[in-house]
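Heads up, the thing below is written out as structure tokens.
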Amino acid sequence: MLIDMHLHLQDIKELPIRASIMKLAQDFKAGQFVCNGTRPDDWPGVEEVARSDRRVVPFFGVHPWYADKLPADWYAMLEGFLKRRPDSGVGEVGLDKARNVDFARQTEVFHRQLEIAGRLGRPLSIHCVRAWSDLLNVLRRSLPPKTRFMIHSYQGSLEMLRNL
């Protein structure tokens with residue numbers, strides 16, 4: 001069985017289009033789908049997509065593009081979604097130097113999400129653009145033991161891949 005590890009199905013509001021995408025993926029032998037949240041506003045949509053299709057695994061997280069636009073209670077909200085869905089993971093999280101989002105804030109938010117993933121024993125879906133050394137440093141310092149992760153759309157070097 002194939003697993004599509006990086007979808008944002010909650011962004012497809014037209015249900016017939018979403019259904020046709022899921023059918024096409026199934027025809028190509030994809031049997032499970034990881035639907036990544038990017039910010040608190042879209043976590044309910046991720047939860048709804050997963051509730052409507054048992055093949056969808058919800059991931060709730062703050063994408064680095066939105067790290068500077070969070071409500072004060074974002075962390076408690078994230079923990080609430082993760083606890084309601086024991087099958088869920090943390091994502092899409094990470095670091096991105098291609099966007100004009102305060103990098104220190106991205107790093108702080110990423111650290112917090114690593115902590116919750118480790119504490120709750122959840123896997124991570126990681127986004128990284130132009131910040132591979134920074135990502136490796138954060139993971140070396142803060143990745144809780146036995147925390148599983150995947151990096152989507154990897155474009156780093158072979159040496160970096162060995163380090164990761």
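Every chain in the structure tokens takes a letter, A first, then B, and so on in the order presented; its residues are numbered from 1, and the ligands are numbered from 1 following the presented order.
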I need the residues in region 70-131 of chain A that are alpha helix (DSSP H) according to DSSP; give them as a PDB file with N, CA, C and O atoms, in the first residue's frame.
ATOM      1  N   TRP A  74      -2.514  29.398  20.804  1.00  0.00           N
ATOM      2  CA  TRP A  74      -2.310  28.419  19.733  1.00  0.00           C
ATOM      3  C   TRP A  74      -1.800  27.076  20.260  1.00  0.00           C
ATOM      4  O   TRP A  74      -2.221  26.025  19.784  1.00  0.00           O
ATOM      5  N   TYR A  75      -0.919  27.106  21.234  1.00  0.00           N
ATOM      6  CA  TYR A  75      -0.323  25.865  21.727  1.00  0.00           C
ATOM      7  C   TYR A  75      -1.367  24.995  22.421  1.00  0.00           C
ATOM      8  O   TYR A  75      -1.412  23.777  22.211  1.00  0.00           O
ATOM      9  N   ALA A  76      -2.210  25.599  23.224  1.00  0.00           N
ATOM     10  CA  ALA A  76      -3.284  24.847  23.889  1.00  0.00           C
ATOM     11  C   ALA A  76      -4.270  24.303  22.853  1.00  0.00           C
ATOM     12  O   ALA A  76      -4.768  23.174  22.992  1.00  0.00           O
ATOM     13  N   MET A  77      -4.544  25.090  21.829  1.00  0.00           N
ATOM     14  CA  MET A  77      -5.428  24.626  20.750  1.00  0.00           C
ATOM     15  C   MET A  77      -4.821  23.407  20.051  1.00  0.00           C
ATOM     16  O   MET A  77      -5.514  22.410  19.804  1.00  0.00           O
ATOM     17  N   LEU A  78      -3.526  23.491  19.745  1.00  0.00           N
ATOM     18  CA  LEU A  78      -2.841  22.379  19.089  1.00  0.00           C
ATOM     19  C   LEU A  78      -2.912  21.120  19.947  1.00  0.00           C
ATOM     20  O   LEU A  78      -3.261  20.038  19.463  1.00  0.00           O
ATOM     21  N   GLU A  79      -2.620  21.270  21.211  1.00  0.00           N
ATOM     22  CA  GLU A  79      -2.673  20.121  22.113  1.00  0.00           C
ATOM     23  C   GLU A  79      -4.084  19.527  22.160  1.00  0.00           C
ATOM     24  O   GLU A  79      -4.254  18.308  22.181  1.00  0.00           O
ATOM     25  N   GLY A  80      -5.088  20.376  22.140  1.00  0.00           N
ATOM     26  CA  GLY A  80      -6.469  19.896  22.148  1.00  0.00           C
ATOM     27  C   GLY A  80      -6.792  19.055  20.922  1.00  0.00           C
ATOM     28  O   GLY A  80      -7.392  17.974  21.035  1.00  0.00           O
ATOM     29  N   PHE A  81      -6.407  19.529  19.740  1.00  0.00           N
ATOM     30  CA  PHE A  81      -6.654  18.756  18.518  1.00  0.00           C
ATOM     31  C   PHE A  81      -5.901  17.429  18.565  1.00  0.00           C
ATOM     32  O   PHE A  81      -6.461  16.383  18.212  1.00  0.00           O
ATOM     33  N   LEU A  82      -4.661  17.451  18.987  1.00  0.00           N
ATOM     34  CA  LEU A  82      -3.860  16.226  19.035  1.00  0.00           C
ATOM     35  C   LEU A  82      -4.420  15.221  20.039  1.00  0.00           C
ATOM     36  O   LEU A  82      -4.449  14.012  19.771  1.00  0.00           O
ATOM     37  N   LYS A  83      -4.888  15.688  21.160  1.00  0.00           N
ATOM     38  CA  LYS A  83      -5.445  14.776  22.168  1.00  0.00           C
ATOM     39  C   LYS A  83      -6.795  14.202  21.737  1.00  0.00           C
ATOM     40  O   LYS A  83      -7.118  13.068  22.078  1.00  0.00           O
ATOM     41  N   ARG A  84      -7.570  14.989  20.997  1.00  0.00           N
ATOM     42  CA  ARG A  84      -8.851  14.482  20.493  1.00  0.00           C
ATOM     43  C   ARG A  84      -8.649  13.400  19.438  1.00  0.00           C
ATOM     44  O   ARG A  84      -9.509  12.539  19.265  1.00  0.00           O
ATOM     45  N   PHE A 103      12.587  34.701  11.481  1.00  0.00           N
ATOM     46  CA  PHE A 103      13.160  33.371  11.619  1.00  0.00           C
ATOM     47  C   PHE A 103      13.271  32.929  13.071  1.00  0.00           C
ATOM     48  O   PHE A 103      13.093  31.750  13.383  1.00  0.00           O
ATOM     49  N   ALA A 104      13.526  33.864  13.967  1.00  0.00           N
ATOM     50  CA  ALA A 104      13.577  33.514  15.392  1.00  0.00           C
ATOM     51  C   ALA A 104      12.207  33.017  15.852  1.00  0.00           C
ATOM     52  O   ALA A 104      12.117  32.050  16.627  1.00  0.00           O
ATOM     53  N   ARG A 105      11.154  33.645  15.380  1.00  0.00           N
ATOM     54  CA  ARG A 105       9.797  33.212  15.742  1.00  0.00           C
ATOM     55  C   ARG A 105       9.500  31.835  15.141  1.00  0.00           C
ATOM     56  O   ARG A 105       8.922  30.978  15.812  1.00  0.00           O
ATOM     57  N   GLN A 106       9.886  31.619  13.885  1.00  0.00           N
ATOM     58  CA  GLN A 106       9.707  30.296  13.276  1.00  0.00           C
ATOM     59  C   GLN A 106      10.385  29.221  14.127  1.00  0.00           C
ATOM     60  O   GLN A 106       9.806  28.158  14.388  1.00  0.00           O
ATOM     61  N   THR A 107      11.610  29.519  14.548  1.00  0.00           N
ATOM     62  CA  THR A 107      12.387  28.554  15.328  1.00  0.00           C
ATOM     63  C   THR A 107      11.731  28.282  16.674  1.00  0.00           C
ATOM     64  O   THR A 107      11.633  27.129  17.113  1.00  0.00           O
ATOM     65  N   GLU A 108      11.256  29.331  17.310  1.00  0.00           N
ATOM     66  CA  GLU A 108      10.565  29.172  18.598  1.00  0.00           C
ATOM     67  C   GLU A 108       9.327  28.292  18.454  1.00  0.00           C
ATOM     68  O   GLU A 108       9.102  27.363  19.248  1.00  0.00           O
ATOM     69  N   VAL A 109       8.514  28.564  17.439  1.00  0.00           N
ATOM     70  CA  VAL A 109       7.291  27.791  17.210  1.00  0.00           C
ATOM     71  C   VAL A 109       7.641  26.342  16.865  1.00  0.00           C
ATOM     72  O   VAL A 109       6.992  25.404  17.339  1.00  0.00           O
ATOM     73  N   PHE A 110       8.677  26.146  16.065  1.00  0.00           N
ATOM     74  CA  PHE A 110       9.123  24.797  15.706  1.00  0.00           C
ATOM     75  C   PHE A 110       9.551  24.026  16.962  1.00  0.00           C
ATOM     76  O   PHE A 110       9.154  22.868  17.156  1.00  0.00           O
ATOM     77  N   HIS A 111      10.342  24.649  17.838  1.00  0.00           N
ATOM     78  CA  HIS A 111      10.760  24.010  19.094  1.00  0.00           C
ATOM     79  C   HIS A 111       9.550  23.566  19.915  1.00  0.00           C
ATOM     80  O   HIS A 111       9.535  22.449  20.459  1.00  0.00           O
ATOM     81  N   ARG A 112       8.567  24.417  20.028  1.00  0.00           N
ATOM     82  CA  ARG A 112       7.369  24.079  20.819  1.00  0.00           C
ATOM     83  C   ARG A 112       6.652  22.865  20.230  1.00  0.00           C
ATOM     84  O   ARG A 112       6.145  22.009  20.957  1.00  0.00           O
ATOM     85  N   GLN A 113       6.612  22.804  18.900  1.00  0.00           N
ATOM     86  CA  GLN A 113       5.930  21.686  18.252  1.00  0.00           C
ATOM     87  C   GLN A 113       6.730  20.389  18.361  1.00  0.00           C
ATOM     88  O   GLN A 113       6.138  19.307  18.482  1.00  0.00           O
ATOM     89  N   LEU A 114       8.045  20.491  18.357  1.00  0.00           N
ATOM     90  CA  LEU A 114       8.866  19.303  18.607  1.00  0.00           C
ATOM     91  C   LEU A 114       8.595  18.770  20.010  1.00  0.00           C
ATOM     92  O   LEU A 114       8.488  17.552  20.220  1.00  0.00           O
ATOM     93  N   GLU A 115       8.480  19.674  20.964  1.00  0.00           N
ATOM     94  CA  GLU A 115       8.220  19.280  22.353  1.00  0.00           C
ATOM     95  C   GLU A 115       6.904  18.534  22.472  1.00  0.00           C
ATOM     96  O   GLU A 115       6.834  17.470  23.092  1.00  0.00           O
ATOM     97  N   ILE A 116       5.854  19.067  21.863  1.00  0.00           N
ATOM     98  CA  ILE A 116       4.553  18.411  21.999  1.00  0.00           C
ATOM     99  C   ILE A 116       4.533  17.076  21.261  1.00  0.00           C
ATOM    100  O   ILE A 116       3.941  16.107  21.734  1.00  0.00           O
ATOM    101  N   ALA A 117       5.217  16.994  20.117  1.00  0.00           N
ATOM    102  CA  ALA A 117       5.286  15.725  19.389  1.00  0.00           C
ATOM    103  C   ALA A 117       5.971  14.663  20.246  1.00  0.00           C
ATOM    104  O   ALA A 117       5.497  13.523  20.335  1.00  0.00           O
ATOM    105  N   GLY A 118       7.058  15.035  20.899  1.00  0.00           N
ATOM    106  CA  GLY A 118       7.763  14.087  21.756  1.00  0.00           C
ATOM    107  C   GLY A 118       6.944  13.686  22.965  1.00  0.00           C
ATOM    108  O   GLY A 118       6.871  12.503  23.319  1.00  0.00           O
ATOM    109  N   ARG A 119       6.323  14.658  23.605  1.00  0.00           N
ATOM    110  CA  ARG A 119       5.543  14.386  24.819  1.00  0.00           C
ATOM    111  C   ARG A 119       4.354  13.483  24.530  1.00  0.00           C
ATOM    112  O   ARG A 119       4.020  12.601  25.323  1.00  0.00           O
ATOM    113  N   LEU A 120       3.705  13.691  23.369  1.00  0.00           N
ATOM    114  CA  LEU A 120       2.529  12.895  23.029  1.00  0.00           C
ATOM    115  C   LEU A 120       2.864  11.682  22.156  1.00  0.00           C
ATOM    116  O   LEU A 120       1.978  10.907  21.801  1.00  0.00           O
TER     117      LEU A 120
END
With a distance cut-off of 7 Å and only C-alpha atoms, select the neighbouring residues of region 61-67 of chain A, excluding the residue or stretch itself and same-chain residues fewer than 5 positions from it, and output the selection as a list in words.
Gly37, Thr38, Arg39, Leu78, Val90, Gly91, Glu92, Val93, Gly94, Leu95, Asp96, Arg99, Val101, Arg105, Gln106 and Val109 of chain A
Emit the selected residues as a compact mmCIF listing (two decimals), in the first residue's frame, including N, CA, C and O atoms.
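And here's out-v9.txt as it stands now:
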# COMPACT_ATOMS: atom_id res chain seq x y z
N GLY A 37 -2.20 20.12 8.41
CA GLY A 37 -2.70 21.44 8.77
C GLY A 37 -1.54 22.42 8.77
O GLY A 37 -0.39 22.04 8.95
N THR A 38 -1.85 23.70 8.60
CA THR A 38 -0.79 24.70 8.52
C THR A 38 -0.94 25.83 9.55
O THR A 38 0.00 26.58 9.76
N ARG A 39 -2.11 25.95 10.16
CA ARG A 39 -2.37 27.04 11.10
C ARG A 39 -3.68 26.73 11.84
O ARG A 39 -4.49 25.93 11.36
N LEU A 78 -3.53 23.49 19.74
CA LEU A 78 -2.84 22.38 19.09
C LEU A 78 -2.91 21.12 19.95
O LEU A 78 -3.26 20.04 19.46
N VAL A 90 1.94 15.72 14.05
CA VAL A 90 2.21 17.14 14.15
C VAL A 90 2.80 17.61 12.82
O VAL A 90 3.87 17.17 12.42
N GLY A 91 2.09 18.47 12.14
CA GLY A 91 2.59 18.96 10.87
C GLY A 91 1.53 19.77 10.13
O GLY A 91 0.35 19.67 10.44
N GLU A 92 1.93 20.54 9.38
CA GLU A 92 3.22 20.70 8.73
C GLU A 92 4.00 21.78 9.47
O GLU A 92 3.53 22.90 9.61
N VAL A 93 5.17 21.43 9.95
CA VAL A 93 5.99 22.31 10.77
C VAL A 93 7.36 22.48 10.12
O VAL A 93 7.68 21.76 9.19
N GLY A 94 8.17 23.41 10.62
CA GLY A 94 9.51 23.51 10.09
C GLY A 94 10.08 24.91 10.06
O GLY A 94 9.68 25.78 10.83
N LEU A 95 11.00 25.10 9.09
CA LEU A 95 11.72 26.36 8.94
C LEU A 95 11.77 26.74 7.47
O LEU A 95 11.91 25.87 6.61
N ASP A 96 11.68 28.04 7.19
CA ASP A 96 11.66 28.51 5.81
C ASP A 96 12.29 29.90 5.72
O ASP A 96 11.72 30.87 6.23
N ARG A 99 10.68 32.92 2.81
CA ARG A 99 9.59 33.85 3.11
C ARG A 99 10.02 34.88 4.12
O ARG A 99 10.89 34.62 4.95
N VAL A 101 9.27 35.89 7.06
CA VAL A 101 8.66 35.62 8.36
C VAL A 101 9.81 35.54 9.36
O VAL A 101 10.80 34.85 9.11
N ARG A 105 11.15 33.65 15.38
CA ARG A 105 9.80 33.21 15.74
C ARG A 105 9.50 31.83 15.14
O ARG A 105 8.92 30.98 15.81
N GLN A 106 9.89 31.62 13.88
CA GLN A 106 9.71 30.30 13.28
C GLN A 106 10.39 29.22 14.13
O GLN A 106 9.81 28.16 14.39
N VAL A 109 8.51 28.56 17.44
CA VAL A 109 7.29 27.79 17.21
C VAL A 109 7.64 26.34 16.86
O VAL A 109 6.99 25.40 17.34
Skip region 4-16 of chain A itself and residues of its chain fewer than 3 positions away, then list as an MDAnalysis selection string all residues within 9 Å of it, counting only C-alpha atoms.
chainID A and resid 19:21 25 30:38 42:49 92 125 150 152
May I ask which of the residues A:Lys146, A:Arg140, A:Lys97, A:Lys69 is the closest one to Asp41 (chain A), counting only C-alpha atoms?
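Residue with the minimum atom-to-atom distance to Asp41 (chain A): A:Lys69.
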Report, in Å to a single decimal, how far apart CA of Tyr154 (chain A) and CA of Cys128 (chain A) are.
7.8 Å
Nearby residues (only C-alpha atoms) at most 8 Å from Lys29 (chain A), same-chain spacing under 3 positions excluded, as a count of residues only:
4
Calculate how many Å separate CA of Ser153 (chain A) from CA of Leu136 (chain A), rounding to one decimal.
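Taking CA of Ser153 (chain A) as the start and CA of Leu136 (chain A) as the end point, the length is 15.9 Å.
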Write out as an MDAnalysis selection string all residues of region 11-162 of chain A that backbone DSSP assigns to strand (DSSP E).
chainID A and resid 30:36 56:59 90:96 124:129 149:151
Just how far from CA of Val138 (chain A) is CA of Gly156 (chain A), in Å to one decimal?
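Answer for the CA of Gly156 (chain A) to CA of Val138 (chain A) separation: 15.9 Å.
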